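Structure first, commentary second.
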Amino acid sequence: MVQEIIEFMDKLPAAILARGQRLKAGIHFLVNIDAEQQISLDLKEHQWQYIHAKASSAAEGWEKLAERQENAWMVDANKGLDAPSKAIHSAQLFAVAFKRENYLGGKKYLANQQKEKSQIFDRFGSYFEKAASFLTEAEQQEFSAESKAFQALFAPAEDLRGGYPFVFLLETALRQRQEKYELLSADLAELEGALKTAKKEEKAALANKVKDLKLKLQVVEPLAESDYICFYLNVEQSKFEQAHRAYLDQKLFNSDSYNRQKASAKDEKDVYGSNNFYNGYDGKKPFLLHRTAYFKLPYRIHLKEAHALDQFQKLLMGKEAFTNRKLVPNPLPLFIYEEELQAESLALFAEDGSIESYAELLKGLVKRQKNKDKSLTNFYLLFFARTKDGLFVHELDYVERFNYFLEEDGKSWIVSDLLQRDTRPIQLVNRFELQEKLLPILFDQRFFRTSFFFETPDKIAADRAALIAKYQQALYDFIYKSKAIAFQQAEFKSLCLSAIQLDLKDRVEEWKLVQKLNILFSLYDKFNPNQSVKTTTMANQLQAYQEQLDNMLNSEDYKEEIPLEAMLFAAGQLAAYLESKSQAAGHKYQRLEAYLQQQKMSGLQAVVSERFARYKHQNFTKKFERLAALLLTYPNEHKIKAGQPLFLAGFFAKNRLFSSAAD
């Protein structure tokens with residue numbers, strides 16, 4: 001799988017990764033160096049800007065700063081250059097980045113001062129020494145002049161009476177921002193005062209001015225404790241990247257203890273080591289170590305591959321600057337043996353930054369497919385989560401063939417109004433419409449989010465959450481991997497009936513139950529992957545039972561054989577008619593429980609007799625009398641529990657016992 005990821009990254013257009021470059025909240029400086037290798041303390045000589053955590057845009061030039069930030073950061077906190085304090089988060093010779101909380105007057109600065117611990121000012125020297133240690137002697141020599149000038153910013157200066165030059169630059173910028181902040185705050189207070197006393201026709205315009213002023217104020221407000229303070233030296237981009245890559249070359253592996261070179265290697269970068277991508281190193285965990293293996297590591301990867309995996313992780317975690325759109329869909333398909341499909345998927349990423357979902361990507365690929373069945377083949381499907389702790393992989397699975405469309409005999413799946421209750425039909429053209437249109441109904445949710453397939457929602461009733469948890473993996477496999485065997489008739493029927501039982505318990509609106517029953521009877525036979533020709537389906541059987549019921553109701557002396565299933569549907573109709581006569585307190589569904597608890601026909605007949613005796617003072621139609629006679633004389637030894645869906649269908653379908661004005 002590692003090889004497939006590396007091939008994917010090799011072909012990934014650079015523009016896609018570039019979309020994910022975004023400045024961290026805080027103040028960023030790009031400091032220039034003059035011809036004499038000196039850095040001016042005049043702020044006008046340098047580029048700088050502030051980015052608010054909730055910013056929706058940035059000033060011109062932010063892309064260059066973002067590119068510098070991208071090539072300045074540590075791999076993770078454990079591989080930073082400021083251990084054990086971990087306050088400096090940059091990791092290269094031409095950059096320094098830390099949070100406001102560690103600067104003068106910051107929360108952590110004051111805490112360190114109280115506990116007499118070292119401050120970042122005391123550790124800049126060791127930081128630069130560690131950053132330089134990753135460079136070769138030739139690189140150190142090449143970077144010497146620029147590096148010396150940049151380091152001087154972070155060392156006490158005689159002409160500043162022992163102060164730090166970077167502090168002078170930073171405080172100058174902060175002072176300018178504070179002056180603007182005070183002016184804008186005064187303007188805002190004046191506008192808000194005017195808004196309170198303004199006439200109705202003036203308020204809208206004033207409110208817009210207040211809104212615009214608040215956005216301007218946001219740009220100059222005081223730094224938050226979590227905001228970053230970042231300095232980057234404006235050397236050639238190639239040098240800047242080279243200084244950072246020297247750090248990455250040694251820190252992208254789990255541990256440098258197991259780095260190896262082939263005997264024939266001529267380049268010192270031709271190194272193999274322990275994979276750091278989604279892979280922990282167990283060297284300090286004796287209970288996880290192999291005790292009988294003759295090898296220290298099961299395998300190593302090349303340094304070039306380590307860089308590709310690092311970029312892949314950034315790709316998965318990345319979001320577009322100021323839009324928060326994800327760079328790639330989740331789950332993400334990685335095609336193998338299918339160079340054309342892989343190229344087309346990458347082209348879709350590059351061409352259309354709006355593709356955010358797996359469904360949208362596959363829709364685009366299917367449109368480009370030339371094969372008759374429009375199927376997609378041979379890909380790994382990676383489902384992951386972006387968490388506050390980093391990347392979490394839920395599942396990685398191989399998909400041999402993906403059938404996008406839901407078709408039978410060239411026709412899309414349809415949920416019909418089989419119960420004849422004037423519900424709208426639901427057309428299902430492709431697999432993803434099951435998630436979009438069907439699952440919200442079955443699980444009684446407004447939306448069924450993709451994350452629900454692996455993370456059960458916590459803000460819904462426990463029994464609904466348990467139902468999702470029971471079927472989430474099977475549904476994910478059926479929809480996202482096109483695995484027909486993962487979710488078949490038994491699972492589909494069980495899900496529908498469980499959802500109906502919960503609806504009855506929760507006493508939801510009747511139309512929701514009608515929807516679920518229509519879904520069950522319309523689609524049940526679609527979930528049988530082994531039956532190619534379906535002459536008899538649950539849907540047309542239900543229609544046949546409705547027709548037979550009409551014949552039973554309109555015949556004075558009905559003699560034809562009545563299948564048990566037809567009689568159960570008829571019994572549901574009769575029960576609904578009987579309960580319509582009730583004037584007793586209690587919910588309709590509560591009275592339905594007595595019917596559903598019966599295991600045999602004899603029990604059902606007894607409940608009908610009891611209800612009839614209770615309501616006998618009411619008026620009953622001739623159709624009711626005919627049907628009641630047929631039901632009560634029906635052989636009573638039949639087991640009826642398995643036919644409960646038909647009874648429910650009869651109970652909630654359009655009731656034929658009311659259908660004739662003559663009655």
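If you're wondering about the labels, chains in the structure tokens are A, B, ... by order shown, residues count from 1 in each chain, ligands from 1 in order shown.
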Long-range neighbours of A:Phe253 as a tab-separated table (two decimals) with N, CA and C atoms, in the first residue's frame, 9 Å cut-off, only C-alpha atoms, 6 positions minimum in chain:
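Contents of selection.tsv, as written:
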```tsv
chain	number	residue	atom	x	y	z
A	259	ASN	N	18.62	3.74	10.55
A	259	ASN	CA	18.89	4.21	9.19
A	259	ASN	C	20.04	3.42	8.58
A	272	TYR	N	17.74	4.39	3.87
A	272	TYR	CA	16.52	3.65	4.19
A	272	TYR	C	16.34	3.68	5.71
A	273	GLY	N	15.09	3.84	6.15
A	273	GLY	CA	14.84	3.89	7.59
A	273	GLY	C	13.45	3.43	7.95
A	274	SER	N	13.11	3.62	9.23
A	274	SER	CA	11.82	3.18	9.78
A	274	SER	C	10.72	4.16	9.42
A	275	ASN	N	9.66	3.65	8.81
A	275	ASN	CA	8.53	4.47	8.36
A	275	ASN	C	7.88	5.21	9.52
A	276	ASN	N	7.69	6.52	9.37
A	276	ASN	CA	7.06	7.34	10.40
A	276	ASN	C	5.60	7.63	10.11
A	277	PHE	N	5.12	7.25	8.92
A	277	PHE	CA	3.75	7.56	8.53
A	277	PHE	C	2.78	6.57	9.16
A	301	ILE	N	11.86	2.02	4.53
A	301	ILE	CA	11.50	2.75	3.33
A	301	ILE	C	12.62	3.74	3.00
A	303	LEU	N	14.35	7.33	1.88
A	303	LEU	CA	14.15	8.72	2.29
A	303	LEU	C	13.19	9.45	1.35
A	306	ALA	N	9.80	8.51	2.30
A	306	ALA	CA	9.41	9.15	3.55
A	306	ALA	C	8.89	10.57	3.29
```
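Between atom CA of A:Tyr398 and atom CA of A:Gly364 the interatomic distance comes to 20.6 Å.
Nearest residue to A:Glu7 among A:Ala653, A:Leu334, A:Leu568, A:Ile460 is A:Leu334, counting only C-alpha atoms.
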Practice problem: Once DSSP has gone over the backbone, tell me which residues of stretch 67-296 of chain A are in alpha helix (DSSP H), as JSON, numbers by chain. | Solution: {"A": [67, 68, 69, 70, 107, 108, 109, 110, 111, 112, 113, 114, 120, 121, 122, 123, 124, 125, 126, 127, 128, 129, 130, 131, 132, 133, 137, 138, 139, 140, 141, 142, 143, 144, 145, 146, 147, 148, 149, 150, 151, 152, 165, 166, 167, 168, 169, 170, 171, 172, 173, 174, 175, 176, 177, 178, 179, 180, 181, 182, 183, 184, 185, 186, 187, 188, 189, 190, 191, 192, 193, 194, 195, 196, 197, 200, 201, 202, 203, 204, 205, 206, 207, 208, 209, 210, 211, 212, 213, 214, 215, 216, 217, 218, 219, 220, 237, 238, 239, 240, 241, 242, 243, 244, 245, 246, 247, 248, 249, 250, 251]}
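Distances to A:Gln427 were evaluated for A:Asn78, A:Leu542, A:Glu338, A:Leu523 using only C-alpha atoms, and the minimum falls at A:Leu523.
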Give me the residues of stretch 323-432 of chain A that have any atom at most 9 Å from an atom of stretch 438-456 of chain A; for each, the nearest atom pair and the distance in Å, rounded to one decimal. Use only C-alpha atoms, sort by chain and number, and format it as a tab-separated table.
```
residue	atom	partner	partner_atom	distance
A:Asn330	CA	A:Thr450	CA	8.5
A:Pro331	CA	A:Thr450	CA	8.9
A:Ala385	CA	A:Ser451	CA	8.3
A:His394	CA	A:Phe454	CA	7.1
A:Ile426	CA	A:Leu438	CA	8.6
A:Leu428	CA	A:Leu438	CA	8.8
```
Dump C-alpha atoms for the selected residues as an mmCIF file, in the first residue's frame?
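Result saved to part_2.cif:
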```cif
data_model
loop_
_atom_site.group_PDB
_atom_site.id
_atom_site.type_symbol
_atom_site.label_atom_id
_atom_site.label_comp_id
_atom_site.auth_asym_id
_atom_site.auth_seq_id
_atom_site.Cartn_x
_atom_site.Cartn_y
_atom_site.Cartn_z
ATOM 1 C CA ASN A 330 -12.905 11.437 2.230
ATOM 2 C CA PRO A 331 -12.856 8.509 1.649
ATOM 3 C CA ALA A 385 -10.586 11.444 10.049
ATOM 4 C CA HIS A 394 -10.604 4.358 10.075
ATOM 5 C CA ILE A 426 -38.218 8.261 -4.441
ATOM 6 C CA LEU A 428 -32.467 6.143 -6.597
#
```
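Surrounding stretch 478-487 of chain A within 6 Å are Val399, Phe402, Asn403 and Arg431 of chain A, with only C-alpha atoms counted and residues fewer than 5 positions along the same chain left out.
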